[in-house]
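Participant: Starting off with a structure, shown below.
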Amino acid sequence: MSQNSKKKLHIPTSKAGKILTNLLVTLAVGGAYFYVSLPALNLQSNDFYSFMILLCVVYVVSALITSGFKGQKEAVSAKEQVREYFRFIKQQCLPVGVLLLLLMAVALVGQVISMPIFRAGAYRDLLAVEDGEFAQDIGQISFSEIPTLDRNSADYLGDRQMGTLSDMVSQFEYSNDSTQINYQGRPVRVAPIAYADLVKWFTNRGSGLPAYVIVDMVTQEAKVVRLPEGEGMKYSFSEPLNRNIMRHLRFQYPTFMLSTPQFEIDEEGQPWWIAPRIIKTIGLFGGTDIKGAVLCNAITGESQYYEEVPAWVDNVYTPELIMEQYDYHGTLINGFINSVLGQRDVTVTTQGYNYIALNDDVYMYTGVTSANADQSNLGFLLSNQRTKETKFYEAPGATEKAAQASAMGVVQDLGYTATFPLLLNISDQPTYFIPLKDNPNLVKSYAMVNVAQYQIVATGATVSQCEQNYIQLLNNRGLVSAEELPTTQVSGVIDDIRSAVMDGNSYYFIRLQGEAVYYSISAADNPVVVILNVGDS
């Protein structure tokens, strides 16, 4: 062996030098891991234990290398090598080994004492659910407040809007990370734009992201809102280094367990990131809940934690968390054993959710069905995403999937796809409102399906037309009185006329010159409509 190869690896000879080297190596690896993975330094975080176990393993491996353990020539057999290994661990890494065992013991005990089998009552009470009166609590929403898009359609429109910005489209792209909020009294989706790639980030990071996108969920209008010159968003998920919003918040709040930050704008159009603070309320790891949120200004990076968030914030409790807590509530209503064996009165949420705007807040809607997940709902939940105030409304009827299938059956010749329903109050009848999309994700038609009798389905090219057809069907079934039927008196020249048979009755849809809407006329109520032609007055 040459003299140079003997000097390739310099290993400290003193015990203090070896320990210092091991600590420095562990610190370097741990720092890199923390920077990338961003674990919360909190005993209730699973990521914290993974982080600490990694540090212990790195220290032991480093100690093995710096001790020159593998280079010993006196080891006579494999058995002797094993003994020497354990002797080394005991002498050099005993404190680290004790810490590792302690962490594993704490994690194991924490998991056991957090299990629902031991704390069924605590899990059941995570979500306080009140009974609500449907007709009283949920008034008939104006057409100007009914969202006619789902998230995919809104993101499609937002992405398409980026193509209209010739000065931005080569540098930035739509982030596809939209959030539904109430903005100035209207339901909208907002999303930041993002850097197109790493090179575009490097050349534009000085001024930040110059705009965000708003999609009106009612009018389906998408627009890019430019921020004032020099006030671009410096903090976002598209930042790869310190200004990444998650990394920025982790450095400011190292012990907080934070949910994924949601992008919102306040009533003045100022962009913010809302990061709900996660807490564990049962044992060490159980009973996930939210306690306030950190609000971070997307432009300046200034952050503040609020236990009670401002009223303009709409997204604190995620739909997934609310549904998880209700599932505990509905499953454990009569104890853990009943949830597994008898399942008396056991209920769970359905697969999916949507949003509805009420009283200037965003509410999450989902159905509630029995534990055997049959094709009928027992009722539905409405939960305020800012306060978690939750009410259950008894409304037996079809599940959302059954209603979607019923709506698509009416327009099967057109190949439209039904979005997840939104629950409305139409003439005091719980009604699924379902936008129908074509293949490019554009809404082409609307359907209304009665929750209790999902064979009652009406469609229309506009929300107004759909509602008129739906109420007419309700009247035919005796579910509403004649006085509740929508009537309209107009005059003009017929520009277009179409007919359809619905529920055994003939209807004619007439559009007058200069207008965009169609008027529905029943042939049973107005027989003269059958002889009308285009051009007639």
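In the structure tokens, the first chain shown is A, the next is B, and so on; residue numbers restart at 1 for each chain, and ligands run from 1 in the order shown.
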Considering only C-alpha atoms, give me a table of residues in range 254-361 of chain A that are at most 10 Å from range 167-179 of chain A, with the closest atom pair and distance in Å for each, as a Markdown table.
Facilitator:
| residue | atom | partner | partner_atom | distance |
| --- | --- | --- | --- | --- |
| A:Gln262 | CA | A:Thr179 | CA | 6.7 |
| A:Phe263 | CA | A:Thr179 | CA | 6.3 |
| A:Glu264 | CA | A:Thr179 | CA | 6.8 |
| A:Ile265 | CA | A:Thr179 | CA | 9.8 |
| A:Asp314 | CA | A:Thr179 | CA | 9.4 |
| A:Asn315 | CA | A:Thr179 | CA | 8.2 |
Participant: Apply DSSP to the structure's backbone, then extract all residues of range 262-413 of chain A labelled strand (DSSP E) and return them as a PyMOL selection string.
Facilitator: chain A and resi 262-265+271-282+286-297+303-306+347-349+354-358+361-370+376-384+390-398
Participant: Taking only range 405-468 of chain A into account, list the residues labelled helix (DSSP H, G or I) by DSSP (computed from the backbone), as a list in words.
Facilitator: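 Here are the helix (DSSP H, G or I) residues of range 405-468 of chain A: Ala405, Ser406, Ala407, Met408, Gly409, Val410, Val463, Ser464, Gln465, Cys466, Glu467 and Gln468 of chain A.
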Participant: Would you kindly return, as a PDB file with all heavy atoms, in the first residue's frame, each protein, DNA or RNA residue with an atom no farther than 6 Å from any atom of range 231-243 of chain A, considering only C-alpha atoms and excluding same-chain residues fewer than 5 positions away?
Facilitator:
ATOM      1  N   ALA A 194     -47.726  30.555 -10.656  1.00  0.00           N
ATOM      2  CA  ALA A 194     -46.477  29.928 -10.224  1.00  0.00           C
ATOM      3  C   ALA A 194     -45.404  30.165 -11.275  1.00  0.00           C
ATOM      4  O   ALA A 194     -45.709  30.463 -12.440  1.00  0.00           O
ATOM      5  CB  ALA A 194     -46.690  28.434 -10.007  1.00  0.00           C
ATOM      6  N   SER A 207     -38.802  40.119  -7.984  1.00  0.00           N
ATOM      7  CA  SER A 207     -40.069  40.841  -7.939  1.00  0.00           C
ATOM      8  C   SER A 207     -41.222  39.966  -7.470  1.00  0.00           C
ATOM      9  O   SER A 207     -42.298  40.472  -7.164  1.00  0.00           O
ATOM     10  CB  SER A 207     -40.395  41.420  -9.323  1.00  0.00           C
ATOM     11  OG  SER A 207     -40.364  40.402 -10.303  1.00  0.00           O
ATOM     12  N   GLY A 208     -41.019  38.645  -7.400  1.00  0.00           N
ATOM     13  CA  GLY A 208     -42.065  37.748  -6.908  1.00  0.00           C
ATOM     14  C   GLY A 208     -43.139  37.466  -7.943  1.00  0.00           C
ATOM     15  O   GLY A 208     -43.040  37.872  -9.110  1.00  0.00           O
ATOM     16  N   LEU A 209     -44.178  36.778  -7.528  1.00  0.00           N
ATOM     17  CA  LEU A 209     -45.291  36.440  -8.417  1.00  0.00           C
ATOM     18  C   LEU A 209     -46.192  37.660  -8.574  1.00  0.00           C
ATOM     19  O   LEU A 209     -46.729  38.172  -7.584  1.00  0.00           O
ATOM     20  CB  LEU A 209     -46.091  35.270  -7.847  1.00  0.00           C
ATOM     21  CG  LEU A 209     -45.300  33.967  -7.651  1.00  0.00           C
ATOM     22  CD1 LEU A 209     -46.131  32.948  -6.876  1.00  0.00           C
ATOM     23  CD2 LEU A 209     -44.868  33.393  -8.986  1.00  0.00           C
ATOM     24  N   PRO A 210     -46.406  38.148  -9.785  1.00  0.00           N
ATOM     25  CA  PRO A 210     -47.070  39.444  -9.980  1.00  0.00           C
ATOM     26  C   PRO A 210     -48.597  39.408 -10.005  1.00  0.00           C
ATOM     27  O   PRO A 210     -49.223  40.450 -10.171  1.00  0.00           O
ATOM     28  CB  PRO A 210     -46.539  39.892 -11.345  1.00  0.00           C
ATOM     29  CG  PRO A 210     -46.302  38.618 -12.079  1.00  0.00           C
ATOM     30  CD  PRO A 210     -45.869  37.611 -11.053  1.00  0.00           C
ATOM     31  N   HIS A 248     -40.900  28.708   5.266  1.00  0.00           N
ATOM     32  CA  HIS A 248     -40.934  30.006   5.941  1.00  0.00           C
ATOM     33  C   HIS A 248     -41.702  29.911   7.254  1.00  0.00           C
ATOM     34  O   HIS A 248     -41.252  30.413   8.296  1.00  0.00           O
ATOM     35  CB  HIS A 248     -41.590  31.024   5.002  1.00  0.00           C
ATOM     36  CG  HIS A 248     -41.793  32.383   5.588  1.00  0.00           C
ATOM     37  ND1 HIS A 248     -40.745  33.239   5.885  1.00  0.00           N
ATOM     38  CD2 HIS A 248     -42.931  33.043   5.960  1.00  0.00           C
ATOM     39  CE1 HIS A 248     -41.232  34.366   6.395  1.00  0.00           C
ATOM     40  NE2 HIS A 248     -42.551  34.262   6.455  1.00  0.00           N
ATOM     41  N   ALA A 298     -48.716  37.030   1.854  1.00  0.00           N
ATOM     42  CA  ALA A 298     -47.985  36.402   0.752  1.00  0.00           C
ATOM     43  C   ALA A 298     -46.971  37.342   0.115  1.00  0.00           C
ATOM     44  O   ALA A 298     -46.042  36.879  -0.562  1.00  0.00           O
ATOM     45  CB  ALA A 298     -48.964  35.910  -0.306  1.00  0.00           C
ATOM     46  N   ILE A 299     -47.098  38.642   0.342  1.00  0.00           N
ATOM     47  CA  ILE A 299     -46.177  39.613  -0.252  1.00  0.00           C
ATOM     48  C   ILE A 299     -44.984  39.868   0.662  1.00  0.00           C
ATOM     49  O   ILE A 299     -43.827  39.784   0.236  1.00  0.00           O
ATOM     50  CB  ILE A 299     -46.908  40.938  -0.552  1.00  0.00           C
ATOM     51  CG1 ILE A 299     -48.021  40.696  -1.579  1.00  0.00           C
ATOM     52  CG2 ILE A 299     -45.931  42.004  -1.051  1.00  0.00           C
ATOM     53  CD1 ILE A 299     -48.903  41.909  -1.823  1.00  0.00           C
TER      54      ILE A 299
END
Participant: Between A:Tyr507, A:Gln252, A:Thr66, A:Asp159, single out the one closest to Leu23 in chain A, counting only C-alpha atoms.
Facilitator: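 Between A:Tyr507, A:Gln252, A:Thr66, A:Asp159, the residue approaching Leu23 in chain A most closely is A:Thr66.
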Participant: What is the CA of Asp289 in chain A-CA of Asp155 in chain A distance in Å, reported with one decimal?
Facilitator: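 CA of Asp155 in chain A lies at a distance of 29.0 Å from CA of Asp289 in chain A.
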Participant: Name the closest residue to Tyr365 in chain A among the candidates A:Pro396, A:Tyr454, A:Tyr328, A:Met323; distances are taken between atoms, counting only C-alpha atoms.
Facilitator: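 Checking each candidate against Tyr365 in chain A, we get A:Met323 as the closest.
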Participant: Figure out the distance between CA of Leu473 in chain A and CA of Val529 in chain A, please, to one decimal in Å.
Facilitator: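 Between CA of Val529 in chain A and CA of Leu473 in chain A the gap works out to 18.5 Å.
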Participant: With only C-alpha atoms as the counted atoms, please give the residues lying no more than 12 Å from Ser376 in chain A, apart from itself and same-chain residues fewer than 3 positions off, as a list of chain:residue names.
Facilitator: A:Thr347, A:Thr349, A:Thr350, A:Gly367, A:Val368, A:Thr369, A:Ser370, A:Ala371, A:Asn372, A:Ala373, A:Gly379, A:Phe380, A:Ala395, A:Pro396, A:Gly397, A:Ala398, A:Thr399, A:Glu400, A:Lys401, A:Ala402, A:Ala403, A:Val451, A:Ala452, A:Gln453, A:Tyr454
Participant: So, counting only C-alpha atoms, which residue among A:Ile471, A:Val348, A:Val294, A:Leu103 is closest to Pro276 in chain A?
Facilitator: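 Checking each of A:Ile471, A:Val348, A:Val294, A:Leu103 against Pro276 in chain A, counting only C-alpha atoms, the winner is A:Val294.
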Participant: When distances are computed from only C-alpha atoms, which of A:Met217, A:Ala293, A:Val490, A:Met364 shows the smallest separation from Tyr183 in chain A?
Facilitator: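 Answer, going by the shortest atom-to-atom distance: A:Met217.
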